[in-house]
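**Student:** My structure file work_17.json, JSON, C-alpha atoms, is below:
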```json
[["chain", "number", "residue", "atom", "x", "y", "z"],
["A", 1, "MET", "CA", 74.16, -52.74, 7.10],
["A", 2, "GLY", "CA", 72.03, -53.51, 4.09],
["A", 3, "GLN", "CA", 68.29, -53.05, 3.93],
["A", 4, "ARG", "CA", 67.63, -56.79, 3.52],
["A", 5, "SER", "CA", 69.76, -57.77, 6.48],
["A", 6, "ARG", "CA", 68.05, -55.11, 8.62],
["A", 7, "VAL", "CA", 64.62, -56.48, 7.68],
["A", 8, "ALA", "CA", 65.76, -60.04, 8.38],
["A", 9, "LEU", "CA", 67.16, -59.00, 11.77],
["A", 10, "THR", "CA", 63.91, -57.21, 12.66],
["A", 11, "LEU", "CA", 61.82, -60.25, 11.70],
["A", 12, "PHE", "CA", 64.11, -62.47, 13.74],
["A", 13, "ALA", "CA", 63.77, -60.18, 16.78],
["A", 14, "ILE", "CA", 59.98, -60.15, 16.48],
["A", 15, "SER", "CA", 59.88, -63.93, 16.09],
["A", 16, "LEU", "CA", 62.15, -64.44, 19.08],
["A", 17, "THR", "CA", 59.99, -62.10, 21.18],
["A", 18, "GLY", "CA", 56.86, -64.00, 20.19],
["A", 19, "PHE", "CA", 58.50, -67.32, 21.01],
["A", 20, "ILE", "CA", 59.56, -66.10, 24.44],
["A", 21, "LEU", "CA", 56.08, -64.72, 25.16],
["A", 22, "GLY", "CA", 54.56, -68.05, 24.13],
["A", 23, "VAL", "CA", 56.87, -69.93, 26.49],
["A", 24, "ILE", "CA", 56.01, -67.53, 29.32],
["A", 25, "ALA", "CA", 52.28, -67.96, 28.68],
["A", 26, "ASN", "CA", 52.69, -71.75, 28.72],
["A", 27, "ILE", "CA", 54.61, -71.68, 31.99],
["A", 28, "LEU", "CA", 52.08, -69.35, 33.57],
["A", 29, "TYR", "CA", 49.17, -71.50, 32.50],
["A", 30, "TYR", "CA", 50.53, -74.91, 33.42],
["A", 31, "LYS", "CA", 52.76, -74.10, 36.42],
["A", 32, "ALA", "CA", 51.65, -70.87, 38.10],
["A", 33, "PHE", "CA", 47.91, -71.07, 37.46],
["A", 34, "PRO", "CA", 47.32, -74.31, 39.44],
["A", 35, "ILE", "CA", 49.23, -72.86, 42.40],
["A", 36, "LEU", "CA", 47.17, -69.67, 42.29],
["A", 37, "VAL", "CA", 43.94, -71.67, 42.07],
["A", 38, "GLU", "CA", 44.88, -73.53, 45.25],
["A", 39, "LEU", "CA", 45.75, -70.30, 47.04],
["A", 40, "PHE", "CA", 42.74, -68.28, 45.86],
["A", 41, "PRO", "CA", 40.01, -70.74, 44.83],
["A", 42, "HIS", "CA", 37.10, -68.29, 44.76],
["A", 43, "ILE", "CA", 38.80, -65.66, 42.65],
["A", 44, "PHE", "CA", 40.28, -68.02, 40.10],
["A", 45, "SER", "CA", 37.26, -70.28, 39.72],
["A", 46, "SER", "CA", 36.26, -68.09, 36.78],
["A", 47, "SER", "CA", 38.52, -68.78, 33.81],
["A", 48, "TRP", "CA", 38.13, -65.24, 32.44],
["A", 49, "VAL", "CA", 39.87, -63.81, 35.53],
["A", 50, "ALA", "CA", 42.96, -65.93, 34.97],
["A", 51, "TRP", "CA", 43.09, -65.15, 31.25],
["A", 52, "GLY", "CA", 42.68, -61.48, 32.10],
["A", 53, "PHE", "CA", 45.73, -61.65, 34.35],
["A", 54, "ILE", "CA", 47.71, -63.49, 31.70],
["A", 55, "GLY", "CA", 46.70, -60.91, 29.10],
["A", 56, "ALA", "CA", 47.68, -58.06, 31.41],
["A", 57, "ILE", "CA", 51.08, -59.59, 32.08],
["A", 58, "LEU", "CA", 51.69, -60.17, 28.39],
["A", 59, "ALA", "CA", 50.62, -56.61, 27.56],
["A", 60, "VAL", "CA", 53.08, -55.19, 30.08],
["A", 61, "VAL", "CA", 55.86, -57.43, 28.79],
["A", 62, "CYS", "CA", 55.14, -56.43, 25.18],
["A", 63, "CYS", "CA", 55.19, -52.74, 26.10],
["A", 64, "LEU", "CA", 58.48, -53.13, 27.94],
["A", 65, "ILE", "CA", 60.04, -54.96, 25.02],
["A", 66, "TYR", "CA", 58.76, -52.34, 22.59],
["A", 67, "ALA", "CA", 60.11, -49.52, 24.73],
["A", 68, "TYR", "CA", 63.43, -51.30, 25.05],
["A", 69, "LEU", "CA", 63.76, -51.75, 21.29],
["A", 70, "LEU", "CA", 63.23, -48.03, 20.56]]
```
Hey, can you dump this file as structure tokens for me?

**Tutor:**
Amino acid sequence: MGQRSRVALTLFAISLTGFILGVIANILYYKAFPILVELFPHIFSSSWVAWGFIGAILAVVCCLIYAYLL
């Protein structure tokens, strides 16, 4: 496999991973977050708590994807 095709494949994999993470973040924010707010209104009344959970989930997913690609 040539060097250019390897670079193009790597950029495609990174772009696809970013796209999937963006879709997951959107689904979490617009679908799961309102359900969690109804279930736990006092905890999720602060927006920073919800964004912290979203960031933690994305960090774990990114680490798993990185470990899988090695």

**Student:** Using all atoms listed in the file, pick whichever of A:Leu11, A:Ile35, A:Arg6, A:Leu16 has the shortest atom-to-atom distance to Ile65 (chain A).

**Tutor:**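 Answer, going by the shortest atom-to-atom distance: A:Leu16.
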
**Student:** Which is closer to Val60 (chain A) than all the others in A:Leu21, A:Ser15, A:Pro41, A:Ala32, using all atoms listed in the file?

**Tutor:**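 Result for the nearest residue to Val60 (chain A): A:Leu21.
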
**Student:** Please report the interatomic distance between CA of Ala25 (chain A) and CA of Leu70 (chain A) in Å with one decimal.

**Tutor:**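 Computing the Euclidean distance for CA of Ala25 (chain A) and CA of Leu70 (chain A) yields 24.1 Å.
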
**Student:** Take CA of Val23 (chain A) and CA of Ala50 (chain A) and report the distance between them in Å, one decimal.

**Tutor:**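 Calculated distance between CA of Val23 (chain A) and CA of Ala50 (chain A) is 16.8 Å.
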
**Student:** Any idea what the distance is between CA of Gly22 (chain A) and CA of Phe53 (chain A)?

**Tutor:**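 Separating CA of Gly22 (chain A) from CA of Phe53 (chain A) is a distance of 14.9 Å.
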
**Student:** Filtering to C-alpha atoms, could region 16-68 of chain A of the supplied structure be written out as a tab-separated table (two decimals), in the first residue's frame?

**Tutor:**
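Result went into selection.tsv, see below:
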```tsv
chain	number	residue	atom	x	y	z
A	16	LEU	CA	-15.56	8.81	10.25
A	17	THR	CA	-14.81	8.49	13.97
A	18	GLY	CA	-15.46	12.19	14.48
A	19	PHE	CA	-18.71	11.98	12.54
A	20	ILE	CA	-19.92	9.05	14.62
A	21	LEU	CA	-18.98	10.81	17.87
A	22	GLY	CA	-20.87	13.91	16.73
A	23	VAL	CA	-23.97	11.84	15.99
A	24	ILE	CA	-23.72	10.15	19.39
A	25	ALA	CA	-23.37	13.53	21.14
A	26	ASN	CA	-26.43	14.83	19.27
A	27	ILE	CA	-28.51	11.79	20.21
A	28	LEU	CA	-27.41	12.01	23.83
A	29	TYR	CA	-28.23	15.70	24.04
A	30	TYR	CA	-31.61	15.69	22.30
A	31	LYS	CA	-32.96	12.22	23.20
A	32	ALA	CA	-31.33	10.91	26.38
A	33	PHE	CA	-30.80	14.19	28.22
A	34	PRO	CA	-34.52	15.13	28.48
A	35	ILE	CA	-35.32	11.66	29.82
A	36	LEU	CA	-32.56	11.92	32.42
A	37	VAL	CA	-33.75	15.39	33.44
A	38	GLU	CA	-37.23	13.99	34.10
A	39	LEU	CA	-35.82	11.09	36.12
A	40	PHE	CA	-33.26	13.09	38.11
A	41	PRO	CA	-34.38	16.75	38.10
A	42	HIS	CA	-32.16	17.97	40.94
A	43	ILE	CA	-28.93	16.49	39.64
A	44	PHE	CA	-29.38	17.56	36.04
A	45	SER	CA	-30.69	21.04	36.72
A	46	SER	CA	-27.10	22.23	36.39
A	47	SER	CA	-26.02	22.15	32.76
A	48	TRP	CA	-22.36	21.55	33.64
A	49	VAL	CA	-23.24	18.16	35.16
A	50	ALA	CA	-24.83	16.94	31.94
A	51	TRP	CA	-21.97	18.23	29.79
A	52	GLY	CA	-19.55	16.57	32.18
A	53	PHE	CA	-21.29	13.24	31.65
A	54	ILE	CA	-21.29	13.73	27.89
A	55	GLY	CA	-17.60	14.60	27.96
A	56	ALA	CA	-16.83	11.54	30.07
A	57	ILE	CA	-18.71	9.26	27.71
A	58	LEU	CA	-16.98	10.75	24.68
A	59	ALA	CA	-13.58	10.42	26.35
A	60	VAL	CA	-14.18	6.73	27.05
A	61	VAL	CA	-15.38	6.14	23.51
A	62	CYS	CA	-12.36	7.94	22.05
A	63	CYS	CA	-9.99	5.89	24.21
A	64	LEU	CA	-11.69	2.65	23.17
A	65	ILE	CA	-11.49	3.59	19.51
A	66	TYR	CA	-7.84	4.58	19.87
A	67	ALA	CA	-7.01	1.32	21.63
A	68	TYR	CA	-8.88	-0.63	18.98
```
